[in-house]
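The structure under discussion appears below in the form of structure tokens.
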Amino acid sequence: MSDRPLKLLLIDPDPIFRLGLRVALEEIPNLQVVAEVGTDTAALQVLAEIAKQDLNQINLVVLELGNGRSRNLQRPGLQLCEQLKTLYPHLPILLLSSVPESGLLLAAKAAGVDGYCPKGTPVAELVTAMQDIAAGGSSWWEERGGIVTSDSELKTQPELPRRVSNFGNSALVFARVRNNWRLSGIDYIEATLKEVNAQLQIPGLPLIDQAILAGQRRELLAARWLLNRLLATPQERQQEKSTPSTPQSPPIIPSFSSAITPSDSQTSQVSPALLSPRALQSALFTDCVTKLQFPLENVTDTSLEIDILREGKKRELLYLILQKVSQQLDELRELRIQKQQLYDLKNSILRDLWEETITSFFGKFSLLQFGDRQIQMVNFLLQNSQVVQTEILNKIPLVIELFSYLLFQNDLEVDNTSYQVGSSEAKSQALKILENLLIQVGNGVMQPLLNNLADLEIMKQNLYDRKLISTREIERFRNNLSWRYRLQYYVNEPTAIFESRYELFVIAPRGIAKTSIYAPRSQELAQLSRIPLIVTLLLEFRDAIAPRLQSLLSIVGSGIVFMLTQVIGRGLGLIGRGILQGIGSVSLIEKNLRRNGEKTK
């Protein structure tokens with residue numbers, strides 16, 4: 001990388017691909033993804049806002065033309081390129097797409113695109129291409145059937161539809177050309193699909209690479225289906241209509257996979273109960289990655305350790321934990337762990353998950369200057385394992401149920417209900433448990449940092465939310481956490497145990513929210529002592545006395561109402577009426593006296 005910072009705007013309709021690419025690129029020094037959007041409208045809005053301040057905040061746009069491979073589906077992307085070049089003529093554009101057609105590449109170049117790389121390009125080569133384009137050059141990837149590295153070579157690519165018009169029997173020639181297109185396209189797709197499937201089978205493949213490769217595989221299968229549908233001959237279409245079979249539909253492929261095999265994807269279309277464990281995990285993790293695109297602001301009344309992180313770092317941490325969970329599941333499958341063993345291994349599984357996340361998330365900081373001495377940050381944080389295990393990890397609920405569901409395809413027993421494996425209800429419940437697991441492990445990752453190294457400037461600069469970088473705000477944040485632990489230990493947790501429920505943190509469209517589910521906790525209730533036990537006794541006493549107290553208050557209230565209305569009210573009414581009648585009688589007597597006086601005169 002050069003000394004000049006590379007600042008990107010990423011435009012791609014696939015949120016999973018955007019997240020995977022962003023996480024991969026942010027590991028590169030001197031490179032920053034300033035913003036990521038999914039639509040051309042959002043891209044123009046982001047650029048307009050940045051241009052009001054300083055357009056130099058972005059020096060490269062990386063975009064995908066669209067979700068499909070036909071020119072009609074790519075046209076909005078080409079129009080966006082033209083708009084960008086009109087509004088910001090000096091802003092370079094890199095096309096990062098799965099489009100292999102030279103015609104579309106020619107159209108992209110005509111629209112002002114400065115370079116092209118296919119999805120799946122190694123990160124090192126992709127960054128090199130980005131650097132070249134941002135520096136004012138161009139970079140066009142070598143494709144099958146020709147090298148598209150210069151204008152002249154692009155212009156020499158054949159334009160078959162124009163040739164057809166020069167032949168006498170244009171219909172016959174066009175049929176041949178169309179068939180050649182189809183066969184050539186299918187050959188290319190099959191070769192590329194074979195390469196992608198081979199890469200997906202590599203053991204220990206990072207989750208980010210799995211997400212990118214699974215997205216490519218989904219696009220290739222959809223392209224193959226579309227190619228066969230659009231370029232089929234009339235005879236083939238007629239044969240398809242006369243064949244009594246189920247109409248072909250585009251394949252539904254999970255886009256977040258842990259080495260998905262073709263049999264997995266085909267099985268997932270038959271019946272939820274027949275999903276393979278890997279496909280089941282893939283579908284669940286895909287939904288989780290999608291929800292990680294939601295805002296991650298804490299909208300509950302409970303302070304969380306991860307709240308100190310800026311949103312991008314919070315998302316990165318939760319995504320990293322998800323990656324570690326996926327790796328753990330793969331390792332447990334290889335070890336052929338039985339369900340009963342999960343109960344014995346639960347604590348060590350969570351501790352290993354916490355330790356691996358600490359190592360990956362803080363490893364880049366390595367040695368830190370702390371006071372007058374240097375410390376190895378990761379080792380220093382890992383010394384707090386016992387506290388984190390006791391206070392956070394051991395209290396994460398339903399971990400065994402989630403792992404049993406994903407490893408052994410067991411029905412999910414949650415909320416006093418059994419959910420059939422693979423059903424939408426089971427996936428919804430499993431997603432809640434998984435999201436709570438990510439958030440709670442994230443809290444455990446941040447706890448030792450907040451307890452010991454919260455006020456380090458390097459942490460503030462790289463991780464913290466801007467609203468929480470002053471020493472005063474940090475101390476206030478830590479005090480809130482301290483009070484939360486006390487309230488949780490003495491009141492909230494005993495109450496939840498007594499009410500037979502678990503509280504889960506989930507990711508909602510508005511941010512991190514809280515929900516509760518039923519769970520039998522009689523064993524934990526029997527183990528309560530001291531203040532937590534007193535809290536449950538007070539709750540029980542309140543429940544016992546409340547109906548009687550309400551009845552007593554109702555009787556007393558009725559008596560008071562009776563006294564006020566029937567006794568005091570009526571008494572006051574009689575007195576008032578007597579006074580009024582007395583006043584009336586006095587007036588009548590005075591009138592009579594006056595009349596008698598006038599007569600005597």
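Every chain in the structure tokens has a letter given in the order shown (A, B, ...), and although residue numbers restart at 1 in each chain, ligands are simply numbered from 1 in the order shown.
Those residues that approach Glu195 of chain A to within 12 Å, counting only C-alpha atoms, are Gly120, Tyr188, Ile189, Glu190, Leu200, Gln201, Ile202, Leu213, Ala214, Gln216, Arg217 and Leu220 of chain A; same-chain residues fewer than 5 positions away are not listed.
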Checklist entry - Between A:Lys119, A:Arg310, A:Lys339, A:Arg224, which one has atoms that come closest to Val196 of chain A, using only C-alpha atoms? => result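 Using only C-alpha atoms, Val196 of chain A sits closest to A:Lys119.
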Checklist outcome for this item: The residue from A:Ile306, A:Asn480, A:Ile439, A:Glu524 with the smallest atom-to-atom distance to Glu499 of chain A, counting only C-alpha atoms, is A:Glu524
